[in-house]
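Shown here: protein-v3.pdb, PDB, C-alpha atoms.
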ATOM      1  CA  MET A   1      -0.857  14.632   0.238
ATOM      2  CA  PHE A   2       2.315  13.205   1.762
ATOM      3  CA  THR A   3       5.855  14.236   0.860
ATOM      4  CA  PRO A   4       7.767  11.247  -0.526
ATOM      5  CA  GLN A   5      11.148  10.401   0.971
ATOM      6  CA  PRO A   6      13.652   7.738  -0.111
ATOM      7  CA  ILE A   7      14.052   4.859   2.349
ATOM      8  CA  GLY A   8      17.069   3.641   0.360
ATOM      9  CA  TYR A   9      18.466   3.138  -3.111
ATOM     10  CA  ALA A  10      18.607   0.260  -5.590
ATOM     11  CA  ARG A  11      21.964  -0.944  -6.868
ATOM     12  CA  THR A  12      21.395  -2.632 -10.195
ATOM     13  CA  PRO A  13      23.362  -3.542 -13.334
ATOM     14  CA  HIS A  14      21.211  -1.127 -15.369
ATOM     15  CA  THR A  15      22.894   2.236 -15.911
ATOM     16  CA  ARG A  16      20.863   3.276 -18.954
ATOM     17  CA  SER A  17      17.205   2.738 -19.734
ATOM     18  CA  SER A  18      18.281   0.814 -22.848
ATOM     19  CA  ASP A  19      19.993  -1.760 -20.571
ATOM     20  CA  ILE A  20      16.622  -2.893 -19.210
ATOM     21  CA  PRO A  21      14.977  -5.768 -21.069
ATOM     22  CA  LYS A  22      11.660  -4.605 -22.499
ATOM     23  CA  GLY A  23       9.020  -5.936 -24.767
ATOM     24  CA  ILE A  24       7.395  -9.273 -25.349
ATOM     25  CA  GLY A  25       8.808 -12.001 -23.173
ATOM     26  CA  ALA A  26      11.294  -9.695 -21.434
ATOM     27  CA  LYS A  27      12.855 -11.546 -18.526
ATOM     28  CA  HIS A  28      13.858  -9.645 -15.438
ATOM     29  CA  ASP A  29      16.222 -11.983 -13.681
ATOM     30  CA  ALA A  30      18.990  -9.462 -13.039
ATOM     31  CA  GLU A  31      20.354  -9.437  -9.496
ATOM     32  CA  GLY A  32      20.792  -6.283  -7.507
ATOM     33  CA  THR A  33      20.876  -4.901  -3.996
ATOM     34  CA  LEU A  34      18.354  -2.797  -2.143
ATOM     35  CA  GLU A  35      20.377  -0.617   0.229
ATOM     36  CA  ILE A  36      18.135   0.702   2.962
ATOM     37  CA  LEU A  37      19.250   3.876   4.723
ATOM     38  CA  PRO A  38      20.494   3.413   8.324
ATOM     39  CA  GLY A  39      17.590   5.455   9.701
ATOM     40  CA  PHE A  40      15.065   2.960   8.271
ATOM     41  CA  ALA A  41      16.988  -0.304   8.835
ATOM     42  CA  GLU A  42      14.956  -1.235  11.919
ATOM     43  CA  GLY A  43      11.927  -1.526   9.636
ATOM     44  CA  LEU A  44      13.504  -4.580   7.961
ATOM     45  CA  ALA A  45      13.081  -6.855  10.997
ATOM     46  CA  ASP A  46      11.718 -10.270   9.909
ATOM     47  CA  VAL A  47      11.679  -9.362   6.216
ATOM     48  CA  GLU A  48      14.021 -12.298   5.582
ATOM     49  CA  GLY A  49      11.153 -14.722   6.220
ATOM     50  CA  PHE A  50       9.521 -13.743   2.922
ATOM     51  CA  SER A  51      10.629 -15.201  -0.401
ATOM     52  CA  HIS A  52       9.309 -12.277  -2.456
ATOM     53  CA  LEU A  53       8.829  -8.574  -1.847
ATOM     54  CA  TYR A  54       7.051  -5.716  -3.539
ATOM     55  CA  VAL A  55       9.390  -2.802  -4.162
ATOM     56  CA  LEU A  56       7.840   0.623  -4.711
ATOM     57  CA  TRP A  57      10.249   3.112  -6.204
ATOM     58  CA  GLU A  58      10.455   6.435  -7.981
ATOM     59  CA  PHE A  59      10.968   6.823 -11.734
ATOM     60  CA  ASP A  60      13.452   9.554 -10.829
ATOM     61  CA  ARG A  61      14.827   9.989 -14.356
ATOM     62  CA  SER A  62      11.409  10.406 -15.916
ATOM     63  CA  ASP A  63      10.041  13.904 -16.420
ATOM     64  CA  GLY A  64       6.361  14.672 -16.798
ATOM     65  CA  PHE A  65       3.658  12.298 -17.940
ATOM     66  CA  ASP A  66       1.472  11.303 -20.873
ATOM     67  CA  LEU A  67      -2.007   9.818 -20.643
ATOM     68  CA  THR A  68      -1.296   7.675 -23.693
ATOM     69  CA  ALA A  69       1.707   5.372 -23.926
ATOM     70  CA  THR A  70       3.120   3.363 -26.830
ATOM     71  CA  PRO A  71       4.820   0.380 -25.218
ATOM     72  CA  PRO A  72       7.638  -1.289 -27.182
ATOM     73  CA  ALA A  73       5.916  -4.592 -26.384
ATOM     74  CA  ASP A  74       3.139  -3.597 -28.768
ATOM     75  CA  GLY A  75       5.002  -2.067 -31.685
ATOM     76  CA  GLY A  76       3.885   1.501 -31.174
ATOM     77  CA  ARG A  77       0.179   0.855 -30.676
ATOM     78  CA  PRO A  78      -1.247   3.387 -28.189
ATOM     79  CA  HIS A  79      -2.769   2.410 -24.853
ATOM     80  CA  GLY A  80      -3.875   4.411 -21.823
ATOM     81  CA  VAL A  81      -0.962   4.911 -19.431
ATOM     82  CA  PHE A  82      -2.839   3.019 -16.675
ATOM     83  CA  ALA A  83      -2.972  -0.044 -18.942
ATOM     84  CA  THR A  84       0.835   0.042 -19.273
ATOM     85  CA  ARG A  85       4.037   0.106 -17.236
ATOM     86  CA  SER A  86       5.207   3.355 -18.833
ATOM     87  CA  PRO A  87       7.494   5.476 -16.613
ATOM     88  CA  ARG A  88       5.731   8.679 -17.716
ATOM     89  CA  ARG A  89       2.864   8.427 -15.210
ATOM     90  CA  PRO A  90       0.964  11.142 -13.282
ATOM     91  CA  ASN A  91       2.623   9.784 -10.123
ATOM     92  CA  PRO A  92       5.984   8.356 -11.251
ATOM     93  CA  ILE A  93       5.914   5.308  -8.981
ATOM     94  CA  GLY A  94       7.341   1.995 -10.156
ATOM     95  CA  LEU A  95       6.363  -1.398  -8.758
ATOM     96  CA  THR A  96       8.501  -4.520  -8.991
ATOM     97  CA  VAL A  97       8.172  -7.968  -7.458
ATOM     98  CA  VAL A  98      11.619  -9.257  -6.492
ATOM     99  CA  GLU A  99      12.852 -12.524  -5.038
ATOM    100  CA  LEU A 100      14.758 -11.991  -1.798
ATOM    101  CA  LEU A 101      17.982 -13.982  -2.028
ATOM    102  CA  GLU A 102      19.826 -12.831   1.073
ATOM    103  CA  ARG A 103      19.693 -10.191   3.753
ATOM    104  CA  ASP A 104      22.967  -8.731   4.999
ATOM    105  CA  GLY A 105      22.008  -6.161   7.619
ATOM    106  CA  ARG A 106      20.371  -3.290   5.774
ATOM    107  CA  ARG A 107      21.298  -4.664   2.344
ATOM    108  CA  LEU A 108      18.894  -6.999   0.572
ATOM    109  CA  ARG A 109      20.258  -9.017  -2.332
ATOM    110  CA  VAL A 110      17.390  -9.627  -4.714
ATOM    111  CA  ARG A 111      16.608 -11.112  -8.123
ATOM    112  CA  GLY A 112      14.363  -9.428 -10.655
ATOM    113  CA  VAL A 113      15.458  -5.783 -10.612
ATOM    114  CA  ASP A 114      14.195  -3.748 -13.561
ATOM    115  CA  MET A 115      15.021  -0.280 -12.262
ATOM    116  CA  LEU A 116      18.039   1.899 -13.012
ATOM    117  CA  ASP A 117      21.065   1.918 -10.734
ATOM    118  CA  GLY A 118      20.613   4.523  -8.010
ATOM    119  CA  THR A 119      16.815   4.479  -8.114
ATOM    120  CA  PRO A 120      15.215   5.816  -4.907
ATOM    121  CA  ILE A 121      13.164   3.219  -3.037
ATOM    122  CA  LEU A 122       9.869   4.361  -1.475
ATOM    123  CA  ASP A 123       8.593   1.232   0.220
ATOM    124  CA  LEU A 124       8.945  -2.514   0.655
ATOM    125  CA  LYS A 125       6.007  -4.808   1.353
ATOM    126  CA  PRO A 126       5.755  -8.568   1.800
ATOM    127  CA  TYR A 127       4.311 -10.439  -1.179
ATOM    128  CA  LEU A 128       1.639 -12.591   0.441
ATOM    129  CA  SER A 129      -0.414 -14.234  -2.274
ATOM    130  CA  SER A 130      -0.883 -14.468  -6.010
ATOM    131  CA  VAL A 131      -3.791 -14.382  -8.374
ATOM    132  CA  ALA A 132      -4.020 -17.807 -10.020
ATOM    133  CA  GLU A 133      -2.549 -17.594 -13.528
ATOM    134  CA  SER A 134      -5.630 -19.407 -14.819
ATOM    135  CA  SER A 135      -7.871 -16.495 -13.810
ATOM    136  CA  LEU A 136      -5.702 -13.726 -15.306
ATOM    137  CA  ARG A 137      -6.657 -11.834 -18.457
ATOM    138  CA  ARG A 138      -3.794  -9.791 -19.841
ATOM    139  CA  GLY A 139      -5.510  -7.494 -22.359
ATOM    140  CA  TRP A 140      -3.466  -5.913 -25.130
ATOM    141  CA  LEU A 141      -0.319  -7.660 -23.946
ATOM    142  CA  ALA A 142      -1.772 -11.115 -24.598
ATOM    143  CA  GLU A 143      -2.918  -9.921 -28.027
ATOM    144  CA  ALA A 144       0.519  -8.537 -28.825
ATOM    145  CA  GLU A 145       2.136 -11.803 -27.769
ATOM    146  CA  ALA A 146      -0.230 -13.783 -29.972
ATOM    147  CA  ARG A 147       0.495 -11.457 -32.906
ATOM    148  CA  ASN A 148       4.235 -11.859 -32.416
ATOM    149  CA  ALA A 149       4.255 -15.613 -31.870
ATOM    150  CA  PRO A 150       6.203 -17.589 -34.460
ATOM    151  CA  ARG A 151       3.884 -19.036 -37.093
ATOM    152  CA  ALA A 152       3.727 -22.751 -37.703
TER     153      ALA A 152
ATOM    154  CA  MET B 153      11.261  13.747  -5.322
ATOM    155  CA  PHE B 154       7.916  14.076  -7.066
ATOM    156  CA  THR B 155       4.819  15.715  -5.622
ATOM    157  CA  PRO B 156       1.991  13.168  -5.360
ATOM    158  CA  GLN B 157      -1.388  14.042  -6.843
ATOM    159  CA  PRO B 158      -4.649  12.095  -6.693
ATOM    160  CA  ILE B 159      -5.761  10.634 -10.033
ATOM    161  CA  GLY B 160      -9.121   9.734  -8.468
ATOM    162  CA  TYR B 161     -10.818   8.422  -5.357
ATOM    163  CA  ALA B 162     -11.989   5.009  -4.156
ATOM    164  CA  ARG B 163     -15.643   4.534  -3.221
ATOM    165  CA  THR B 164     -15.824   1.609  -0.816
ATOM    166  CA  PRO B 165     -18.177   0.257   1.850
ATOM    167  CA  HIS B 166     -15.501   0.917   4.517
ATOM    168  CA  THR B 167     -16.097   4.156   6.396
ATOM    169  CA  ARG B 168     -14.059   3.284   9.468
ATOM    170  CA  SER B 169     -10.787   1.405   9.751
ATOM    171  CA  SER B 170     -12.593  -1.118  11.979
ATOM    172  CA  ASP B 171     -14.874  -1.996   9.009
ATOM    173  CA  ILE B 172     -11.946  -3.491   7.110
ATOM    174  CA  PRO B 173     -11.399  -7.218   7.639
ATOM    175  CA  LYS B 174      -7.972  -7.775   9.187
ATOM    176  CA  GLY B 175      -6.021 -10.627  10.620
ATOM    177  CA  ILE B 176      -5.538 -14.267   9.778
ATOM    178  CA  GLY B 177      -7.577 -15.376   6.818
ATOM    179  CA  ALA B 178      -9.099 -11.932   6.246
ATOM    180  CA  LYS B 179     -10.982 -11.957   2.954
ATOM    181  CA  HIS B 180     -11.153  -8.823   0.888
ATOM    182  CA  ASP B 181     -14.018  -9.464  -1.475
ATOM    183  CA  ALA B 182     -15.823  -6.168  -0.939
ATOM    184  CA  GLU B 183     -16.876  -4.392  -4.100
ATOM    185  CA  GLY B 184     -16.200  -0.745  -4.716
ATOM    186  CA  THR B 185     -15.650   1.823  -7.436
ATOM    187  CA  LEU B 186     -12.493   3.584  -8.512
ATOM    188  CA  GLU B 187     -13.585   6.997  -9.745
ATOM    189  CA  ILE B 188     -10.892   8.496 -11.916
ATOM    190  CA  LEU B 189     -10.861  12.282 -12.281
ATOM    191  CA  PRO B 190     -11.952  13.626 -15.692
ATOM    192  CA  GLY B 191      -8.468  15.025 -16.373
ATOM    193  CA  PHE B 192      -6.936  11.522 -16.158
ATOM    194  CA  ALA B 193      -9.730   9.479 -17.779
ATOM    195  CA  GLU B 194      -7.892   9.204 -21.111
ATOM    196  CA  GLY B 195      -5.254   7.136 -19.307
ATOM    197  CA  LEU B 196      -7.816   4.337 -18.813
ATOM    198  CA  ALA B 197      -7.921   3.371 -22.508
ATOM    199  CA  ASP B 198      -7.740  -0.441 -22.876
ATOM    200  CA  VAL B 199      -7.658  -1.053 -19.131
ATOM    201  CA  GLU B 200     -10.826  -3.140 -19.498
ATOM    202  CA  GLY B 201      -8.812  -5.894 -21.184
ATOM    203  CA  PHE B 202      -7.168  -6.796 -17.876
ATOM    204  CA  SER B 203      -8.878  -8.968 -15.289
ATOM    205  CA  HIS B 204      -6.850  -7.614 -12.359
ATOM    206  CA  LEU B 205      -5.217  -4.291 -11.563
ATOM    207  CA  TYR B 206      -2.752  -2.987  -9.030
ATOM    208  CA  VAL B 207      -4.110   0.041  -7.212
ATOM    209  CA  LEU B 208      -1.616   2.346  -5.498
ATOM    210  CA  TRP B 209      -3.231   4.698  -3.032
ATOM    211  CA  GLU B 210      -2.517   6.985  -0.118
ATOM    212  CA  PHE B 211      -3.120   6.069   3.527
ATOM    213  CA  ASP B 212      -4.571   9.569   3.873
ATOM    214  CA  ARG B 213      -5.968   9.044   7.364
ATOM    215  CA  SER B 214      -2.685   7.745   8.771
ATOM    216  CA  ASP B 215      -0.340  10.198  10.479
ATOM    217  CA  GLY B 216       3.373   9.589  10.882
ATOM    218  CA  PHE B 217       5.141   6.233  10.874
ATOM    219  CA  ASP B 218       6.712   3.581  13.065
ATOM    220  CA  LEU B 219       9.579   1.301  12.065
ATOM    221  CA  THR B 220       8.055  -1.501  14.126
ATOM    222  CA  ALA B 221       4.481  -2.671  13.670
ATOM    223  CA  THR B 222       2.344  -5.088  15.673
ATOM    224  CA  PRO B 223      -0.115  -6.563  13.174
ATOM    225  CA  PRO B 224      -3.424  -7.877  14.541
ATOM    226  CA  ALA B 225      -2.760 -10.993  12.437
ATOM    227  CA  ASP B 226       0.050 -11.884  14.841
ATOM    228  CA  GLY B 227      -1.433 -11.073  18.230
ATOM    229  CA  GLY B 228       0.776  -8.112  19.034
ATOM    230  CA  ARG B 229       4.116  -9.641  18.089
ATOM    231  CA  PRO B 230       6.417  -6.924  16.674
ATOM    232  CA  HIS B 231       7.755  -6.978  13.109
ATOM    233  CA  GLY B 232       9.616  -4.441  11.013
ATOM    234  CA  VAL B 233       7.166  -2.204   9.170
ATOM    235  CA  PHE B 234       8.516  -3.377   5.786
ATOM    236  CA  ALA B 235       7.565  -6.957   6.709
ATOM    237  CA  THR B 236       3.959  -5.832   7.291
ATOM    238  CA  ARG B 237       1.057  -4.021   5.628
ATOM    239  CA  SER B 238       0.839  -1.420   8.413
ATOM    240  CA  PRO B 239      -0.538   1.971   7.302
ATOM    241  CA  ARG B 240       2.055   3.810   9.437
ATOM    242  CA  ARG B 241       4.863   3.666   6.839
ATOM    243  CA  PRO B 242       7.624   6.163   5.959
ATOM    244  CA  ASN B 243       5.820   6.696   2.637
ATOM    245  CA  PRO B 244       2.120   6.048   3.351
ATOM    246  CA  ILE B 245       1.389   4.217   0.092
ATOM    247  CA  GLY B 246      -1.062   1.307   0.018
ATOM    248  CA  LEU B 247      -1.089  -1.416  -2.622
ATOM    249  CA  THR B 248      -4.105  -3.562  -3.450
ATOM    250  CA  VAL B 249      -4.761  -6.094  -6.192
ATOM    251  CA  VAL B 250      -8.352  -5.793  -7.355
ATOM    252  CA  GLU B 251     -10.445  -7.700  -9.861
ATOM    253  CA  LEU B 252     -11.883  -5.435 -12.521
ATOM    254  CA  LEU B 253     -15.588  -6.257 -12.873
ATOM    255  CA  GLU B 254     -16.773  -3.506 -15.195
ATOM    256  CA  ARG B 255     -15.681  -0.235 -16.677
ATOM    257  CA  ASP B 256     -18.250   2.516 -17.062
ATOM    258  CA  GLY B 257     -16.383   5.460 -18.555
ATOM    259  CA  ARG B 258     -14.059   6.766 -15.878
ATOM    260  CA  ARG B 259     -15.581   4.550 -13.171
ATOM    261  CA  LEU B 260     -14.111   1.108 -12.559
ATOM    262  CA  ARG B 261     -16.214  -1.330 -10.578
ATOM    263  CA  VAL B 262     -13.831  -3.657  -8.781
ATOM    264  CA  ARG B 263     -13.771  -6.477  -6.241
ATOM    265  CA  GLY B 264     -11.272  -6.662  -3.406
ATOM    266  CA  VAL B 265     -11.186  -3.138  -1.999
ATOM    267  CA  ASP B 266      -9.540  -2.860   1.417
ATOM    268  CA  MET B 267      -9.177   0.913   1.585
ATOM    269  CA  LEU B 268     -11.418   3.460   3.283
ATOM    270  CA  ASP B 269     -14.145   5.277   1.368
ATOM    271  CA  GLY B 270     -12.735   8.450  -0.182
ATOM    272  CA  THR B 271      -9.148   7.189  -0.346
ATOM    273  CA  PRO B 272      -7.029   9.083  -2.902
ATOM    274  CA  ILE B 273      -5.763   6.879  -5.728
ATOM    275  CA  LEU B 274      -2.201   7.450  -6.950
ATOM    276  CA  ASP B 275      -1.833   4.968  -9.788
ATOM    277  CA  LEU B 276      -3.306   1.967 -11.579
ATOM    278  CA  LYS B 277      -1.180  -0.666 -13.275
ATOM    279  CA  PRO B 278      -2.063  -3.866 -15.124
ATOM    280  CA  TYR B 279      -1.455  -7.076 -13.163
ATOM    281  CA  LEU B 280       0.511  -9.160 -15.644
ATOM    282  CA  SER B 281       1.795 -12.257 -13.892
ATOM    283  CA  SER B 282       1.941 -14.001 -10.557
ATOM    284  CA  VAL B 283       4.590 -15.724  -8.525
ATOM    285  CA  ALA B 284       3.644 -19.402  -8.321
ATOM    286  CA  GLU B 285       2.085 -20.087  -4.910
ATOM    287  CA  SER B 286       4.364 -23.104  -4.577
ATOM    288  CA  SER B 287       7.456 -20.885  -4.547
ATOM    289  CA  LEU B 288       6.157 -18.360  -1.983
ATOM    290  CA  ARG B 289       7.447 -18.204   1.591
ATOM    291  CA  ARG B 290       5.277 -16.043   3.815
ATOM    292  CA  GLY B 291       7.465 -15.530   6.918
ATOM    293  CA  TRP B 292       5.845 -14.568  10.208
ATOM    294  CA  LEU B 293       2.398 -14.673   8.640
ATOM    295  CA  ALA B 294       2.665 -18.390   7.844
ATOM    296  CA  GLU B 295       3.919 -18.987  11.397
ATOM    297  CA  ALA B 296       1.023 -17.021  12.869
ATOM    298  CA  GLU B 297      -1.454 -18.972  10.753
ATOM    299  CA  ALA B 298       0.044 -22.273  11.901
ATOM    300  CA  ARG B 299      -0.114 -21.115  15.529
ATOM    301  CA  ASN B 300      -3.761 -20.133  15.157
ATOM    302  CA  ALA B 301      -4.904 -23.199  13.235
ATOM    303  CA  PRO B 302      -7.526 -25.288  14.970
ATOM    304  CA  ARG B 303      -5.935 -28.298  16.709
ATOM    305  CA  ALA B 304      -7.012 -31.816  15.887
TER     306      ALA B 304
END

I'd like the structure from this file rewritten - as structure tokens, please.
Amino acid sequence: MFTPQPIGYARTPHTRSSDIPKGIGAKHDAEGTLEILPGFAEGLADVEGFSHLYVLWEFDRSDGFDLTATPPADGGRPHGVFATRSPRRPNPIGLTVVELLERDGRRLRVRGVDMLDGTPILDLKPYLSSVAESSLRRGWLAEAEARNAPRA
Amino acid sequence: MFTPQPIGYARTPHTRSSDIPKGIGAKHDAEGTLEILPGFAEGLADVEGFSHLYVLWEFDRSDGFDLTATPPADGGRPHGVFATRSPRRPNPIGLTVVELLERDGRRLRVRGVDMLDGTPILDLKPYLSSVAESSLRRGWLAEAEARNAPRA
């Protein structure tokens, strides 16, 4: 397989994992900067035309993996790692959709960062279309939300 | 950085790159199967509760990268690779949203495959929410679509 290389690094307000909002209804509206390395800056041409980007990045402070995860969003109930966003994955790749606020040369100011400060970035891709919310089923997460909803 | 490993392989109807619909309005509704290796099958627990999944995979038949791409969707106009879906990327990772039709043990039957048959799969993640279509800007792709629209 290929050998991963960082194309840049994320600057975010999150210095510890505990700084990152998790669990039911977690909002990721933190702003940050994606600093692309000078050798890859040419690859950003025309990226400013897109309102949203996919960011692929490395869980570089995660070590090893588990096939079963117990997400905080579901109070310790176990789920297969591929049904979760757990960082302890066979390939420790994170995926985040961010809103592109401004491009300043090889620095992209974005909203929606949920990665730690200094996280290596692997790739950026344009976000082109969405699945209609009405056709989404959200498995255990929807069940956990229903279980945690305030009762009337 | 980490060393990538396949967690499985995609079985798709696409044996050559030219089989894959590309360009303006390309529809990816081909069905295929994601065959997860026995050693990772436990990680699929509860994945069947989700209607859509992100599939991260390797462009394993792509060699090297370019910082500028000329997507067929835009008639040879150049764009930075990070503003495109070109396979010739610094880290050759593909990203596809698929609809999960059926799970049969460690085989996931899905709709929307746009990768070649035999493609190594790196990761699966639940698709949890969408960006509202009304708030998306789609850069050069929207311009190319407008340019190619039939005239009245």

Would you write out chain A as a tab-separated table (two decimals) with C-alpha atoms, in the coordinates of the input, after superposing it on chain B by least squares over all in-order Cα pairs?
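Once written, selection08.tsv looks like this:
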chain	number	residue	atom	x	y	z
A	1	MET	CA	11.27	13.76	-5.31
A	2	PHE	CA	7.91	14.07	-7.06
A	3	THR	CA	4.82	15.72	-5.62
A	4	PRO	CA	1.99	13.18	-5.35
A	5	GLN	CA	-1.38	14.05	-6.84
A	6	PRO	CA	-4.65	12.09	-6.70
A	7	ILE	CA	-5.76	10.63	-10.03
A	8	GLY	CA	-9.13	9.74	-8.47
A	9	TYR	CA	-10.82	8.42	-5.36
A	10	ALA	CA	-12.00	5.02	-4.15
A	11	ARG	CA	-15.64	4.52	-3.22
A	12	THR	CA	-15.83	1.61	-0.82
A	13	PRO	CA	-18.17	0.24	1.86
A	14	HIS	CA	-15.51	0.91	4.52
A	15	THR	CA	-16.10	4.16	6.39
A	16	ARG	CA	-14.04	3.29	9.47
A	17	SER	CA	-10.79	1.40	9.76
A	18	SER	CA	-12.59	-1.13	11.97
A	19	ASP	CA	-14.87	-1.99	9.00
A	20	ILE	CA	-11.94	-3.50	7.11
A	21	PRO	CA	-11.38	-7.22	7.64
A	22	LYS	CA	-7.96	-7.77	9.19
A	23	GLY	CA	-6.00	-10.60	10.62
A	24	ILE	CA	-5.53	-14.23	9.79
A	25	GLY	CA	-7.57	-15.36	6.84
A	26	ALA	CA	-9.12	-11.92	6.26
A	27	LYS	CA	-10.99	-11.96	2.97
A	28	HIS	CA	-11.16	-8.82	0.90
A	29	ASP	CA	-14.02	-9.47	-1.46
A	30	ALA	CA	-15.83	-6.17	-0.93
A	31	GLU	CA	-16.89	-4.39	-4.11
A	32	GLY	CA	-16.21	-0.75	-4.72
A	33	THR	CA	-15.65	1.81	-7.44
A	34	LEU	CA	-12.49	3.57	-8.51
A	35	GLU	CA	-13.59	7.00	-9.75
A	36	ILE	CA	-10.88	8.49	-11.92
A	37	LEU	CA	-10.85	12.27	-12.27
A	38	PRO	CA	-11.95	13.61	-15.70
A	39	GLY	CA	-8.48	15.02	-16.38
A	40	PHE	CA	-6.94	11.52	-16.16
A	41	ALA	CA	-9.74	9.48	-17.79
A	42	GLU	CA	-7.90	9.21	-21.12
A	43	GLY	CA	-5.26	7.15	-19.31
A	44	LEU	CA	-7.80	4.34	-18.82
A	45	ALA	CA	-7.92	3.37	-22.51
A	46	ASP	CA	-7.74	-0.44	-22.88
A	47	VAL	CA	-7.66	-1.06	-19.13
A	48	GLU	CA	-10.82	-3.14	-19.51
A	49	GLY	CA	-8.81	-5.89	-21.19
A	50	PHE	CA	-7.16	-6.79	-17.88
A	51	SER	CA	-8.87	-8.98	-15.29
A	52	HIS	CA	-6.85	-7.61	-12.37
A	53	LEU	CA	-5.21	-4.30	-11.56
A	54	TYR	CA	-2.75	-2.99	-9.03
A	55	VAL	CA	-4.11	0.04	-7.21
A	56	LEU	CA	-1.61	2.34	-5.50
A	57	TRP	CA	-3.23	4.70	-3.03
A	58	GLU	CA	-2.51	6.99	-0.12
A	59	PHE	CA	-3.11	6.07	3.53
A	60	ASP	CA	-4.57	9.56	3.88
A	61	ARG	CA	-5.96	9.03	7.39
A	62	SER	CA	-2.68	7.75	8.77
A	63	ASP	CA	-0.34	10.19	10.47
A	64	GLY	CA	3.37	9.58	10.89
A	65	PHE	CA	5.13	6.24	10.87
A	66	ASP	CA	6.72	3.59	13.07
A	67	LEU	CA	9.58	1.31	12.08
A	68	THR	CA	8.05	-1.50	14.13
A	69	ALA	CA	4.48	-2.67	13.66
A	70	THR	CA	2.33	-5.08	15.67
A	71	PRO	CA	-0.10	-6.55	13.16
A	72	PRO	CA	-3.41	-7.88	14.52
A	73	ALA	CA	-2.74	-11.00	12.43
A	74	ASP	CA	0.05	-11.89	14.83
A	75	GLY	CA	-1.43	-11.08	18.22
A	76	GLY	CA	0.76	-8.12	19.03
A	77	ARG	CA	4.11	-9.63	18.09
A	78	PRO	CA	6.40	-6.92	16.67
A	79	HIS	CA	7.75	-6.98	13.12
A	80	GLY	CA	9.61	-4.43	11.01
A	81	VAL	CA	7.15	-2.19	9.17
A	82	PHE	CA	8.52	-3.38	5.79
A	83	ALA	CA	7.56	-6.95	6.72
A	84	THR	CA	3.95	-5.83	7.29
A	85	ARG	CA	1.06	-4.02	5.64
A	86	SER	CA	0.85	-1.42	8.41
A	87	PRO	CA	-0.53	1.97	7.31
A	88	ARG	CA	2.06	3.81	9.43
A	89	ARG	CA	4.86	3.65	6.84
A	90	PRO	CA	7.62	6.16	5.97
A	91	ASN	CA	5.83	6.69	2.64
A	92	PRO	CA	2.13	6.05	3.35
A	93	ILE	CA	1.39	4.23	0.10
A	94	GLY	CA	-1.06	1.33	0.02
A	95	LEU	CA	-1.09	-1.41	-2.62
A	96	THR	CA	-4.09	-3.56	-3.45
A	97	VAL	CA	-4.75	-6.09	-6.19
A	98	VAL	CA	-8.36	-5.79	-7.36
A	99	GLU	CA	-10.45	-7.71	-9.86
A	100	LEU	CA	-11.89	-5.43	-12.53
A	101	LEU	CA	-15.58	-6.26	-12.87
A	102	GLU	CA	-16.78	-3.52	-15.18
A	103	ARG	CA	-15.67	-0.24	-16.67
A	104	ASP	CA	-18.25	2.52	-17.06
A	105	GLY	CA	-16.39	5.45	-18.57
A	106	ARG	CA	-14.06	6.76	-15.88
A	107	ARG	CA	-15.58	4.55	-13.18
A	108	LEU	CA	-14.13	1.10	-12.57
A	109	ARG	CA	-16.23	-1.34	-10.57
A	110	VAL	CA	-13.84	-3.66	-8.78
A	111	ARG	CA	-13.77	-6.48	-6.24
A	112	GLY	CA	-11.27	-6.66	-3.40
A	113	VAL	CA	-11.19	-3.13	-2.00
A	114	ASP	CA	-9.54	-2.86	1.42
A	115	MET	CA	-9.18	0.92	1.58
A	116	LEU	CA	-11.42	3.46	3.28
A	117	ASP	CA	-14.14	5.28	1.38
A	118	GLY	CA	-12.74	8.44	-0.18
A	119	THR	CA	-9.16	7.19	-0.34
A	120	PRO	CA	-7.02	9.08	-2.90
A	121	ILE	CA	-5.76	6.89	-5.73
A	122	LEU	CA	-2.18	7.46	-6.95
A	123	ASP	CA	-1.83	4.97	-9.78
A	124	LEU	CA	-3.30	1.98	-11.57
A	125	LYS	CA	-1.17	-0.67	-13.27
A	126	PRO	CA	-2.06	-3.86	-15.12
A	127	TYR	CA	-1.45	-7.06	-13.16
A	128	LEU	CA	0.52	-9.15	-15.64
A	129	SER	CA	1.79	-12.25	-13.88
A	130	SER	CA	1.93	-14.01	-10.55
A	131	VAL	CA	4.57	-15.73	-8.51
A	132	ALA	CA	3.63	-19.41	-8.30
A	133	GLU	CA	2.08	-20.09	-4.89
A	134	SER	CA	4.37	-23.12	-4.58
A	135	SER	CA	7.45	-20.88	-4.55
A	136	LEU	CA	6.16	-18.36	-1.98
A	137	ARG	CA	7.45	-18.20	1.58
A	138	ARG	CA	5.28	-16.05	3.81
A	139	GLY	CA	7.46	-15.53	6.90
A	140	TRP	CA	5.83	-14.57	10.18
A	141	LEU	CA	2.38	-14.68	8.63
A	142	ALA	CA	2.65	-18.39	7.83
A	143	GLU	CA	3.89	-18.99	11.38
A	144	ALA	CA	1.01	-17.03	12.85
A	145	GLU	CA	-1.47	-18.98	10.74
A	146	ALA	CA	0.03	-22.27	11.88
A	147	ARG	CA	-0.12	-21.13	15.52
A	148	ASN	CA	-3.77	-20.14	15.15
A	149	ALA	CA	-4.91	-23.20	13.22
A	150	PRO	CA	-7.53	-25.31	14.99
A	151	ARG	CA	-5.94	-28.28	16.73
A	152	ALA	CA	-6.97	-31.80	15.88

Evaluating the PyMOL selection byres ((chain B and resi 208) around 10) on the displayed file yields which residues, as a PyMOL selection string?
-> (chain A and resi 56+91+93+95) or (chain B and resi 205-207+209-211+245-249+272-277)

Hey, can you check how far CA of His52 (chain A) sits from CA of Asp218 (chain B)?
->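 The value is 22.3 Å.
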
Please write the residues picked by the PyMOL selection byres ((chain A) within 7 of (chain B)) on this file as a PyMOL selection string.
-> chain A and resi 1+3-5+40+42-47+49-52+67-68+79-85+91+122-126+128-131+133+136-140
